[in-house]
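Just final-v7.txt here, compact mmCIF, C-alpha atoms:
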# COMPACT_ATOMS: atom_id res chain seq x y z
CA MET A 1 -1.42 21.73 -0.26
CA ALA A 2 -2.46 22.59 3.27
CA LEU A 3 -4.86 20.27 5.04
CA ARG A 4 -8.27 21.87 4.96
CA ALA A 5 -10.60 21.38 7.89
CA THR A 6 -13.22 18.73 7.25
CA VAL A 7 -16.79 18.91 8.49
CA ILE A 8 -17.34 16.63 11.49
CA ASP A 9 -20.87 16.51 12.84
CA SER A 10 -21.85 15.97 16.46
CA PHE A 11 -25.20 14.88 17.78
CA ALA A 12 -26.74 16.94 20.53
CA LEU A 13 -27.13 14.62 23.48
CA ILE A 14 -30.77 14.34 24.51
CA LEU A 15 -30.93 14.56 28.28
CA ALA A 16 -34.27 12.81 28.55
CA LEU A 17 -32.94 9.79 26.68
CA LEU A 18 -29.73 9.59 28.64
CA LEU A 19 -31.43 9.97 31.98
CA LEU A 20 -34.18 7.43 31.33
CA GLY A 21 -32.12 4.75 33.00
CA SER A 22 -31.32 6.81 36.08
CA PRO A 23 -32.84 5.53 39.30
CA VAL A 24 -36.07 7.21 40.28
CA GLY A 25 -35.45 9.63 43.10
CA ALA A 26 -31.73 9.81 42.49
CA GLN A 27 -30.08 12.31 44.79
CA GLN A 28 -29.20 15.74 43.47
CA PRO A 29 -25.38 15.28 43.59
CA GLN A 30 -25.74 12.15 41.45
CA LYS A 31 -27.95 14.02 38.97
CA ASN A 32 -25.50 16.92 38.83
CA SER A 33 -22.61 14.55 38.16
CA ARG A 34 -24.56 12.86 35.37
CA LEU A 35 -25.43 16.19 33.79
CA LYS A 36 -21.77 17.26 33.87
CA THR A 37 -20.76 14.00 32.18
CA ILE A 38 -23.36 14.55 29.46
CA GLU A 39 -22.21 18.13 28.96
CA GLN A 40 -18.58 17.05 28.57
CA CYS A 41 -19.40 14.22 26.16
CA ASN A 42 -21.34 16.70 24.04
CA GLY A 43 -18.79 19.47 24.46
CA ALA A 44 -17.36 19.51 20.93
CA ASP A 45 -14.28 21.74 20.68
CA ARG A 46 -15.20 23.65 23.83
CA ILE A 47 -14.02 20.68 25.92
CA PRO A 48 -10.53 19.11 25.64
CA ALA A 49 -10.66 15.93 23.57
CA GLU A 50 -9.34 13.75 26.39
CA ALA A 51 -12.13 14.96 28.69
CA ARG A 52 -14.72 14.24 26.00
CA VAL A 53 -13.39 10.72 25.54
CA ALA A 54 -13.52 10.10 29.30
CA ALA A 55 -17.06 11.45 29.66
CA CYS A 56 -18.45 9.55 26.69
CA THR A 57 -16.76 6.39 27.95
CA VAL A 58 -18.54 6.76 31.30
CA LEU A 59 -21.88 6.98 29.50
CA ILE A 60 -21.08 4.08 27.17
CA ASN A 61 -20.06 1.85 30.08
CA SER A 62 -22.90 2.88 32.37
CA GLY A 63 -25.28 0.21 31.12
CA ASP A 64 -28.35 2.40 31.61
CA VAL A 65 -28.40 4.41 28.38
CA ARG A 66 -30.90 3.75 25.61
CA ALA A 67 -29.62 2.57 22.24
CA ASP A 68 -30.36 5.83 20.41
CA ALA A 69 -28.54 7.87 23.03
CA LEU A 70 -25.72 5.32 23.14
CA ALA A 71 -25.24 5.94 19.41
CA VAL A 72 -24.79 9.63 20.24
CA ALA A 73 -22.13 8.85 22.82
CA PHE A 74 -20.21 6.60 20.41
CA ASN A 75 -20.41 9.24 17.67
CA ASN A 76 -19.18 12.01 19.94
CA ARG A 77 -16.36 9.86 21.34
CA GLY A 78 -15.36 9.08 17.77
CA ASN A 79 -15.17 12.80 17.05
CA ALA A 80 -12.93 13.25 20.10
CA TYR A 81 -10.67 10.43 18.89
CA ILE A 82 -10.32 12.24 15.55
CA ALA A 83 -9.14 15.29 17.49
CA THR A 84 -6.43 13.17 19.17
CA ALA A 85 -5.49 11.53 15.83
CA GLU A 86 -6.58 8.08 17.06
CA TYR A 87 -8.26 7.29 13.79
CA ASP A 88 -8.71 3.53 14.16
CA ARG A 89 -10.49 4.04 17.47
CA ALA A 90 -12.63 6.72 15.87
CA ILE A 91 -13.56 4.41 12.98
CA SER A 92 -14.54 1.68 15.45
CA ASP A 93 -16.74 4.06 17.44
CA PHE A 94 -18.48 5.38 14.35
CA GLY A 95 -19.14 1.79 13.34
CA GLN A 96 -20.85 1.23 16.69
CA ALA A 97 -22.91 4.39 16.25
CA ILE A 98 -23.95 3.32 12.75
CA GLU A 99 -25.11 -0.08 14.03
CA LEU A 100 -27.15 1.53 16.79
CA ALA A 101 -28.62 4.30 14.59
CA SER A 102 -28.51 2.92 11.06
CA GLY A 103 -30.65 5.65 9.54
CA TYR A 104 -28.45 8.57 10.57
CA ALA A 105 -25.95 9.97 8.09
CA LYS A 106 -23.75 11.90 10.56
CA PRO A 107 -21.68 9.00 11.94
CA VAL A 108 -21.29 7.68 8.39
CA ASN A 109 -19.88 11.06 7.30
CA ASN A 110 -17.68 11.20 10.37
CA ARG A 111 -16.25 7.75 9.66
CA GLY A 112 -15.34 9.10 6.22
CA VAL A 113 -13.50 11.99 7.87
CA ALA A 114 -11.53 9.53 10.03
CA TYR A 115 -10.55 7.53 6.94
CA LEU A 116 -9.60 10.78 5.16
CA ARG A 117 -7.38 11.92 8.02
CA LYS A 118 -5.82 8.45 8.15
CA GLY A 119 -4.96 8.66 4.45
CA ALA A 120 -7.34 5.86 3.38
CA TYR A 121 -8.88 7.95 0.61
CA ASP A 122 -10.80 5.22 -1.21
CA GLU A 123 -12.43 4.10 2.04
CA ALA A 124 -13.24 7.73 2.82
CA ILE A 125 -15.02 8.16 -0.51
CA LYS A 126 -17.05 5.00 0.11
CA ALA A 127 -18.14 6.36 3.48
CA PHE A 128 -19.13 9.74 2.03
CA ASP A 129 -21.00 7.93 -0.77
CA ALA A 130 -22.99 6.10 1.91
CA ALA A 131 -23.70 9.30 3.85
CA ILE A 132 -24.98 10.99 0.69
CA ARG A 133 -27.21 8.01 -0.09
CA LEU A 134 -28.75 8.37 3.35
CA ASN A 135 -29.11 12.14 2.98
CA PRO A 136 -28.81 13.49 -0.59
CA GLY A 137 -28.98 17.04 0.76
CA TYR A 138 -25.92 16.63 2.99
CA GLY A 139 -23.72 19.45 1.72
CA SER A 140 -20.90 18.78 4.16
CA ALA A 141 -20.57 15.17 2.97
CA PHE A 142 -20.20 16.42 -0.63
CA ALA A 143 -17.48 18.85 0.49
CA ASN A 144 -15.68 16.13 2.44
CA ARG A 145 -15.86 13.73 -0.51
CA ALA A 146 -14.39 16.45 -2.70
CA GLU A 147 -11.44 16.75 -0.30
CA ALA A 148 -10.82 13.00 -0.57
CA ARG A 149 -10.98 13.24 -4.35
CA LEU A 150 -8.45 16.06 -4.33
CA LYS A 151 -6.05 13.74 -2.52
CA LEU A 152 -6.44 11.30 -5.42
CA SER A 153 -6.01 14.11 -8.01
CA GLN A 154 -9.58 13.56 -9.22
CA TYR A 155 -10.02 17.25 -9.91
CA ASP A 156 -13.07 17.17 -12.18
CA GLN A 157 -14.99 14.97 -9.73
CA ALA A 158 -13.88 17.11 -6.80
CA LEU A 159 -15.09 20.23 -8.59
CA ARG A 160 -18.53 18.68 -9.15
CA ASP A 161 -18.75 17.75 -5.48
CA PHE A 162 -17.77 21.25 -4.37
CA ASP A 163 -20.34 22.71 -6.78
CA GLU A 164 -23.05 20.53 -5.24
CA ALA A 165 -21.94 21.32 -1.68
CA ILE A 166 -22.18 25.06 -2.40
CA ARG A 167 -25.54 24.66 -4.14
CA LEU A 168 -26.87 22.89 -1.05
CA ASP A 169 -25.16 25.22 1.44
CA PRO A 170 -23.98 28.53 -0.07
CA ASP A 171 -22.42 29.56 3.25
CA LEU A 172 -20.17 26.49 3.55
CA THR A 173 -16.77 28.22 3.52
CA LEU A 174 -14.91 24.90 3.48
CA ALA A 175 -16.43 24.16 0.09
CA ARG A 176 -15.59 27.64 -1.23
CA SER A 177 -12.00 27.26 -0.09
CA GLY A 178 -11.73 23.79 -1.58
CA ARG A 179 -13.23 24.88 -4.88
CA CYS A 180 -10.77 27.78 -4.97
CA TRP A 181 -7.87 25.31 -4.73
CA THR A 182 -9.39 23.01 -7.33
CA ARG A 183 -9.90 25.87 -9.77
CA ALA A 184 -6.37 27.08 -9.11
CA VAL A 185 -5.04 23.65 -10.07
CA ILE A 186 -7.10 23.27 -13.25
CA GLY A 187 -6.43 26.84 -14.37
CA ASP A 188 -9.84 28.48 -13.84
CA LEU A 189 -8.04 31.28 -12.05
CA GLN A 190 -10.50 34.18 -11.88
CA ALA A 191 -13.35 31.98 -10.71
CA GLY A 192 -11.03 30.41 -8.15
CA LEU A 193 -9.96 33.85 -6.94
CA ASP A 194 -13.61 34.79 -6.45
CA ASP A 195 -14.14 31.65 -4.34
CA CYS A 196 -11.15 32.35 -2.12
CA ASP A 197 -12.13 36.01 -1.72
CA ARG A 198 -15.62 34.97 -0.59
CA ALA A 199 -14.25 32.35 1.79
CA ILE A 200 -11.86 34.85 3.40
CA GLN A 201 -14.55 37.54 3.58
CA SER A 202 -16.72 34.97 5.40
CA GLY A 203 -14.02 34.48 8.03
CA SER A 204 -12.07 31.54 6.61
CA ASN A 205 -8.62 32.73 7.67
CA ASP A 206 -6.95 29.32 7.67
CA ALA A 207 -3.65 28.53 6.02
CA ALA A 208 -5.24 26.41 3.30
CA THR A 209 -7.39 29.23 1.93
CA TYR A 210 -4.53 31.73 1.85
CA ASP A 211 -2.23 29.13 0.29
CA SER A 212 -4.86 28.51 -2.40
CA ARG A 213 -5.31 32.20 -3.19
CA ALA A 214 -1.54 32.69 -3.21
CA LEU A 215 -1.21 29.94 -5.81
CA ILE A 216 -3.71 31.75 -8.02
CA HIS A 217 -1.88 35.07 -7.65
CA LEU A 218 1.40 33.32 -8.45
CA LYS A 219 -0.05 31.74 -11.58
CA MET A 220 -1.49 35.13 -12.61
CA GLY A 221 1.89 36.80 -12.14
CA GLN A 222 0.61 38.96 -9.28
CA LEU A 223 3.75 38.44 -7.23
CA ALA A 224 3.26 40.97 -4.43
CA ALA A 225 -0.26 39.68 -3.77
CA ALA A 226 1.05 36.10 -3.81
CA ILE A 227 3.73 36.94 -1.24
CA ASP A 228 1.18 38.66 1.00
CA ASP A 229 -1.06 35.59 0.93
CA TYR A 230 1.83 33.21 1.49
CA ASN A 231 2.83 35.33 4.50
CA SER A 232 -0.70 34.94 5.88
CA ALA A 233 -0.64 31.19 5.27
CA LEU A 234 2.71 30.87 7.01
CA GLY A 235 1.47 32.97 9.91
CA ALA A 236 -1.12 30.28 10.53
CA ALA A 237 1.08 27.30 9.59
CA PRO A 238 4.81 28.21 9.74
CA ASN A 239 5.97 24.83 8.40
CA LEU A 240 3.66 24.70 5.39
CA ALA A 241 6.11 23.63 2.69
CA SER A 242 3.92 24.62 -0.28
CA ALA A 243 3.63 28.19 1.06
CA LEU A 244 7.36 28.49 1.75
CA TYR A 245 8.22 27.18 -1.69
CA GLY A 246 5.63 29.35 -3.42
CA ARG A 247 6.78 32.45 -1.55
CA GLY A 248 10.35 31.66 -2.50
CA LEU A 249 9.44 31.40 -6.18
CA ALA A 250 7.51 34.67 -6.04
CA LYS A 251 10.48 36.43 -4.43
CA LEU A 252 12.90 35.03 -7.00
CA ARG A 253 10.65 36.20 -9.83
CA GLN A 254 10.81 39.68 -8.28
CA GLY A 255 14.60 39.46 -8.35
CA ASP A 256 14.86 38.93 -4.58
CA LYS A 257 17.51 36.24 -3.96
CA ALA A 258 16.15 35.80 -0.43
CA GLY A 259 13.64 33.52 -2.12
CA ASP A 260 16.35 30.85 -2.21
CA ARG A 261 16.14 30.57 1.58
CA ASP A 262 12.40 29.91 1.41
CA VAL A 263 12.85 27.30 -1.29
CA SER A 264 15.59 25.54 0.69
CA ALA A 265 13.52 25.64 3.89
CA ALA A 266 10.53 24.17 2.05
CA ARG A 267 12.64 21.30 0.70
CA LEU A 268 13.88 20.48 4.19
CA ILE A 269 10.25 20.04 5.26
CA ASN A 270 9.16 18.21 2.12
CA ALA A 271 11.84 17.12 -0.33
CA LYS A 272 9.22 16.61 -3.06
CA VAL A 273 7.50 19.99 -2.72
CA GLY A 274 9.04 21.32 -5.94
CA ASP A 275 7.82 18.33 -7.94
CA GLU A 276 4.36 18.62 -6.37
CA LEU A 277 4.01 22.28 -7.34
CA ALA A 278 5.44 21.61 -10.79
CA ARG A 279 2.59 19.16 -11.34
CA LEU A 280 0.23 22.01 -10.48
CA GLY A 281 1.81 24.22 -13.13
CA VAL A 282 4.21 26.19 -10.94
CA ARG A 283 7.94 26.05 -11.72

What is this structure when it is put down as structure tokens?
Amino acid sequence: MALRATVIDSFALILALLLLGSPVGAQQPQKNSRLKTIEQCNGADRIPAEARVAACTVLINSGDVRADALAVAFNNRGNAYIATAEYDRAISDFGQAIELASGYAKPVNNRGVAYLRKGAYDEAIKAFDAAIRLNPGYGSAFANRAEARLKLSQYDQALRDFDEAIRLDPDLTLARSGRCWTRAVIGDLQAGLDDCDRAIQSGSNDAATYDSRALIHLKMGQLAAAIDDYNSALGAAPNLASALYGRGLAKLRQGDKAGDRDVSAARLINAKVGDELARLGVR
């Protein structure tokens, strides 16, 4: 199973709040420098993660930022730490943001994402539970919780979470892609195919979505379509063991012995990939 993108939410930094502590009559170069720091801290994926960490750290350490804006800086630095795979630091920063802005669900959701990426799935679910309690209409938190439940093979619960995420936000392609995978696993193949088709039509061209649709085609015996989708998945993620193994099986079922090379390559990446797919009904 390819790692699907999770929904991480940033706060927009409020310039008025951040600049409240600036000295009256500050010179223009100082103001410009401050504005650049704010822009970088709030830069999301447009700014390299290391630059975001540095900028948010400047704001956090400045000593002249109000508590509500400080929460924003901690949240955004936590997001940058997720991007650099420094999950413990991210979890610590989200904890600071939560203390400073206890009524906001975003840093609670984001802490769940950090736990999910770290592999602490039970802790991730607890965090998403808390985010949903704060904001019952938080579709992204439902989708993220579903991803954590997939990791624990809690397919029925994951499906319910994806259903709710899509009800709340019909355009959330992450949830469509995740529900496609879940339906592929439990055998609701046509409905899963519809989900993947809609996700891809909406621009979700990631490896996970193609890998999910390929699994459905493979289970349906549509071997050429499965190989095409596995090719697309591998184009985005060349070392995705599940896609290599699935493509190999599809080729072998077509009588193409070149499938053995894919199967062998997949096992070099993940020795248990065959067992994992067998548990999903693919042998």

Residues near Thr57 (chain A), cut-off 10 Å, only C-alpha atoms, skip fewer than 5 positions along chain, as a PDB file with C-alpha atoms, keeping the file's coordinate frame:
ATOM      1  CA  THR A  37     -20.760  14.000  32.180  1.00  0.00           C
ATOM      2  CA  CYS A  41     -19.400  14.220  26.160  1.00  0.00           C
ATOM      3  CA  ALA A  51     -12.130  14.960  28.690  1.00  0.00           C
ATOM      4  CA  ARG A  52     -14.720  14.240  26.000  1.00  0.00           C
ATOM      5  CA  SER A  62     -22.900   2.880  32.370  1.00  0.00           C
ATOM      6  CA  ALA A  73     -22.130   8.850  22.820  1.00  0.00           C
ATOM      7  CA  PHE A  74     -20.210   6.600  20.410  1.00  0.00           C
ATOM      8  CA  ARG A  77     -16.360   9.860  21.340  1.00  0.00           C
TER       9      ARG A  77
END

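Nearest residue to Asn239 (chain A) among A:Ala80, A:Val58, A:Ala225, A:Ile269 is A:Ile269, counting only C-alpha atoms.
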
**Report entry** Distance of CA of Ala158 (chain A) from CA of Asp93 (chain A), expressed in Å to one decimal place
**Finding:** 27.7 Å

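Atom to atom, CA of Arg167 (chain A) and CA of Ala127 (chain A) stand 21.2 Å apart.
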
**Report entry** Top pick for closest residue to Ser204 (chain A), considering A:Ala175, A:Ala271, A:Ile98, A:Ile227 and counting all atoms listed in the file
**Finding:** A:Ala175

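Using only C-alpha atoms, the shortest contact distance between Gly246 (chain A) and any of A:Ser232, A:Asp275, A:Asp211, A:Asp188 is found at A:Asp211.
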
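Taking CA of Ile216 (chain A) as the reference point, CA of Ser153 (chain A) is found at 17.8 Å.
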
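Near Leu159 (chain A), within a cut-off of 8 Å and counting all atoms listed in the file, sit the residues Ala146, Arg179, Thr182 and Arg183 of chain A, with same-chain residues fewer than 6 positions away left out.
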
Report task. Could you check which of A:Ile125, A:Leu172, A:Ala120, A:Cys56 is closest to Ser140 (chain A), using all atoms listed in the file? Result -> A:Leu172

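Distances from A:Ala49, A:Leu234, A:Cys180, A:Leu244 to Asp194 (chain A) were compared using only C-alpha atoms, and the smallest one belongs to A:Cys180.
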
Requested in this report: Give me the residues within 12 Å of Arg198 (chain A) as a ChimeraX atom specification, counting all atoms listed in the file and dropping any in the same chain fewer than 6 places off.
Outcome: /A:170-180,191-192,204-205,209-210,213

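Summary of the local environment: counting all atoms listed in the file, residues at most 12 Å from Gln96 (chain A), other than itself and those fewer than 2 positions away along its chain, are Ile60, Ala67, Asp68, Ala69, Leu70, Ala71, Val72, Ala73, Phe74, Asn75, Asn76, Arg77, Gly78, Arg89, Ala90, Ile91, Ser92, Asp93, Phe94, Ile98, Glu99, Leu100, Ala101, Ser102, Pro107, Val108 and Arg111 of chain A.
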
**Report entry** 12 Å contact set for Asp262 (chain A), all atoms listed in the file, chain neighbours under 4 positions out, as number ranges by chain
**Finding:** A: 227, 230-231, 234, 238-252, 256-258, 266-269, 273-274

Using the file's own x, y and z axes, what box holds all listed atoms of region 258-268 of chain A with 4 Å on each side, keeping edges along x, y and z, and what are its centre and edge lengths in Å to one decimal, as AutoDock Vina command-line options?
--center_x 13.4 --center_y 28.1 --center_z 1.0 --size_x 13.8 --size_y 23.3 --size_z 14.4

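The closest residue to Ala208 (chain A), picked from A:Asp229, A:Val263, A:Met220, A:Leu189 and counting only C-alpha atoms, is A:Asp229.
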